[in-house]
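Shown next, in structure tokens, is the structure this report addresses.
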Amino acid sequence: MELPPPSTIPSLPQETQLRVLDTLFEPSPELHQLMIPVLANQTFSSYTNLIDAAQLNEGAEEQAEKLRTLNAEYEEKFPGLRFVTFVNGRSRDVIMVEMRQRIDRGDVEKEIDETIQGMCDIAKDRARKLQSRI
């Protein structure tokens with residue numbers, strides 16, 4: 001397979017994204033699961049950057065457990081709310097720091113405002129992406 005320009009990866013069909021991974025690495029369903037959200041939401045200036053992203057996500061299982069724990073703590077702190085933030089290519093580590101700060105702040109009114117802002121940011125990003133496909 002000839003590799004497409006790395007900057008085009010987020011706009012490619014998922015099947016093509018996975019073929020790129022399989023070309024760079026050995027085929028691996030575990031790597032696919034780990035990298036699907038990264039490939040869909042992050043732009044790469046080079047294949048070196050993409051490979052580095054795979055390496056950074058290697059510890060994702062441990063991070064996923066920490067994220068589940070933080071999420072449970074968040075929902076206990078703010079009953080009825082779900083943690084919402086506009087990820088926009090930010091790493092799990094950065095998201096977990098934000099979540100920890102918001103839990104520690106403990107301000108329900110501010111949390112509601114941030115949740116609404118996050119939902120609006122996500123909606124604007126989706127609208128922008130959908131319009132660019134037309």
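Numbering starts fresh at 1 for the residues of each chain in the structure tokens, the chains themselves are lettered A, B, ... in the order given, and ligands are numbered from 1 as they appear.
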
Within 12 Å of region 69-84 of chain A using only C-alpha atoms, minus same-chain residues under 6 positions, as a ChimeraX atom specification:
/A:62-63,92-93,95-123

Restricting it to N, CA, C and O atoms, dump the selection as a compact mmCIF listing (two decimals), in the first residue's frame.
```txt
# COMPACT_ATOMS: atom_id res chain seq x y z
N GLU A 62 -3.90 1.46 31.36
CA GLU A 62 -3.78 2.04 32.71
C GLU A 62 -4.51 3.37 32.79
O GLU A 62 -5.21 3.67 33.76
N GLN A 63 -4.36 4.19 31.74
CA GLN A 63 -5.03 5.48 31.70
C GLN A 63 -6.55 5.30 31.69
O GLN A 63 -7.26 6.06 32.34
N ARG A 92 -5.22 12.00 26.82
CA ARG A 92 -5.96 11.57 28.00
C ARG A 92 -5.37 12.20 29.26
O ARG A 92 -6.10 12.56 30.17
N ASP A 93 -4.06 12.31 29.32
CA ASP A 93 -3.42 12.90 30.50
C ASP A 93 -3.92 14.32 30.73
O ASP A 93 -4.23 14.70 31.86
N ILE A 95 -6.74 15.63 29.64
CA ILE A 95 -8.17 15.56 29.99
C ILE A 95 -8.32 15.17 31.46
O ILE A 95 -9.15 15.74 32.18
N MET A 96 -7.51 14.21 31.93
CA MET A 96 -7.61 13.79 33.32
C MET A 96 -7.20 14.91 34.28
O MET A 96 -7.80 15.05 35.35
N VAL A 97 -6.22 15.71 33.91
CA VAL A 97 -5.83 16.86 34.73
C VAL A 97 -7.00 17.84 34.81
O VAL A 97 -7.34 18.34 35.90
N GLU A 98 -7.65 18.11 33.68
CA GLU A 98 -8.80 19.01 33.67
C GLU A 98 -9.92 18.45 34.55
O GLU A 98 -10.53 19.18 35.35
N MET A 99 -10.19 17.16 34.43
CA MET A 99 -11.25 16.54 35.22
C MET A 99 -10.95 16.66 36.72
O MET A 99 -11.82 17.02 37.51
N ARG A 100 -9.69 16.39 37.09
CA ARG A 100 -9.28 16.48 38.49
C ARG A 100 -9.48 17.90 39.01
O ARG A 100 -9.99 18.11 40.11
N GLN A 101 -9.10 18.90 38.21
CA GLN A 101 -9.26 20.30 38.61
C GLN A 101 -10.72 20.66 38.82
O GLN A 101 -11.08 21.35 39.78
N ARG A 102 -11.57 20.17 37.92
CA ARG A 102 -12.99 20.49 38.02
C ARG A 102 -13.63 19.79 39.22
O ARG A 102 -14.47 20.37 39.90
N ILE A 103 -13.21 18.57 39.51
CA ILE A 103 -13.71 17.87 40.70
C ILE A 103 -13.27 18.61 41.95
O ILE A 103 -14.07 18.88 42.86
N ASP A 104 -11.98 18.95 42.02
CA ASP A 104 -11.44 19.62 43.20
C ASP A 104 -12.06 21.00 43.41
O ASP A 104 -12.23 21.43 44.55
N ARG A 105 -12.39 21.67 42.32
CA ARG A 105 -13.02 22.99 42.43
C ARG A 105 -14.37 22.87 43.12
O ARG A 105 -14.74 23.70 43.95
N GLY A 106 -15.13 21.84 42.75
CA GLY A 106 -16.39 21.53 43.42
C GLY A 106 -17.49 22.57 43.25
O GLY A 106 -18.44 22.59 44.03
N ASP A 107 -17.42 23.40 42.26
CA ASP A 107 -18.40 24.47 42.03
C ASP A 107 -19.44 23.99 41.01
O ASP A 107 -19.18 23.95 39.80
N VAL A 108 -20.62 23.63 41.51
CA VAL A 108 -21.66 23.07 40.65
C VAL A 108 -22.09 24.04 39.56
O VAL A 108 -22.24 23.64 38.39
N GLU A 109 -22.30 25.30 39.90
CA GLU A 109 -22.74 26.28 38.90
C GLU A 109 -21.70 26.44 37.79
O GLU A 109 -22.04 26.48 36.61
N LYS A 110 -20.44 26.53 38.19
CA LYS A 110 -19.37 26.67 37.20
C LYS A 110 -19.28 25.39 36.35
O LYS A 110 -19.01 25.45 35.14
N GLU A 111 -19.52 24.25 36.98
CA GLU A 111 -19.47 22.98 36.25
C GLU A 111 -20.57 22.90 35.20
O GLU A 111 -20.35 22.44 34.09
N ILE A 112 -21.75 23.36 35.55
CA ILE A 112 -22.86 23.39 34.58
C ILE A 112 -22.48 24.29 33.40
O ILE A 112 -22.67 23.91 32.24
N ASP A 113 -21.91 25.45 33.70
CA ASP A 113 -21.47 26.36 32.62
C ASP A 113 -20.43 25.70 31.72
O ASP A 113 -20.50 25.79 30.50
N GLU A 114 -19.44 25.02 32.33
CA GLU A 114 -18.39 24.38 31.54
C GLU A 114 -18.93 23.21 30.72
O GLU A 114 -18.49 22.97 29.60
N THR A 115 -19.91 22.49 31.28
CA THR A 115 -20.53 21.38 30.54
C THR A 115 -21.26 21.91 29.32
O THR A 115 -21.12 21.37 28.22
N ILE A 116 -22.03 22.98 29.49
CA ILE A 116 -22.76 23.58 28.36
C ILE A 116 -21.76 24.11 27.32
O ILE A 116 -21.93 23.90 26.12
N GLN A 117 -20.69 24.76 27.79
CA GLN A 117 -19.67 25.27 26.86
C GLN A 117 -19.03 24.12 26.08
O GLN A 117 -18.84 24.21 24.86
N GLY A 118 -18.72 23.02 26.77
CA GLY A 118 -18.14 21.85 26.10
C GLY A 118 -19.07 21.29 25.04
O GLY A 118 -18.65 20.95 23.94
N MET A 119 -20.36 21.18 25.37
CA MET A 119 -21.33 20.67 24.39
C MET A 119 -21.42 21.58 23.18
O MET A 119 -21.49 21.10 22.04
N CYS A 120 -21.40 22.88 23.41
CA CYS A 120 -21.45 23.83 22.29
C CYS A 120 -20.19 23.76 21.43
O CYS A 120 -20.27 23.79 20.20
N ASP A 121 -19.02 23.64 22.07
CA ASP A 121 -17.76 23.52 21.32
C ASP A 121 -17.77 22.27 20.45
O ASP A 121 -17.34 22.29 19.30
N ILE A 122 -18.26 21.16 21.01
CA ILE A 122 -18.34 19.90 20.26
C ILE A 122 -19.30 20.05 19.08
O ILE A 122 -18.98 19.64 17.95
N ALA A 123 -20.46 20.66 19.32
CA ALA A 123 -21.45 20.85 18.25
C ALA A 123 -20.90 21.73 17.13
O ALA A 123 -21.09 21.44 15.94
```

Would you list, as a PyMOL selection string, the residues of chain A that end up in helix (DSSP H, G or I) under DSSP run on this structure's backbone?
chain A and resi 6-11+14-24+29-41+47-77+92-105+108-132

Separation of CA of Ser45 (chain A) from CA of Ser7 (chain A) in Å:
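Rounded to one decimal, the two atoms are 5.6 Å apart.
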
Would you compute the distance between CA of Arg68 (chain A) and CA of Asp22 (chain A)? Give it in Å to one decimal.
29.1 Å

Taking into account only C-alpha atoms, which residue in the set A:Tyr47, A:Pro37, A:Lys66, A:Ile9 is nearest to Phe25 (chain A)?
A:Tyr47

Could you tell me which of A:Thr16, A:Thr85, A:Ser91, A:Thr23 comes closest to Val38 (chain A) if we count only C-alpha atoms?
A:Ser91

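For the atom pair formed by CA of Ala54 (chain A) and CA of Leu21 (chain A), the distance is 9.5 Å, given to one decimal.
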
Which residues, written as a PyMOL selection string, have at least one atom at most 9 Å from Asn88 (chain A), with only C-alpha atoms counted and residues fewer than 5 positions away on the same chain left out?
chain A and resi 41-42+122+125

Considering only C-alpha atoms, state which residue in the set A:Pro4, A:Ser46, A:Gln55, A:Lys124 is at the smallest distance from Leu34 (chain A).
A:Gln55
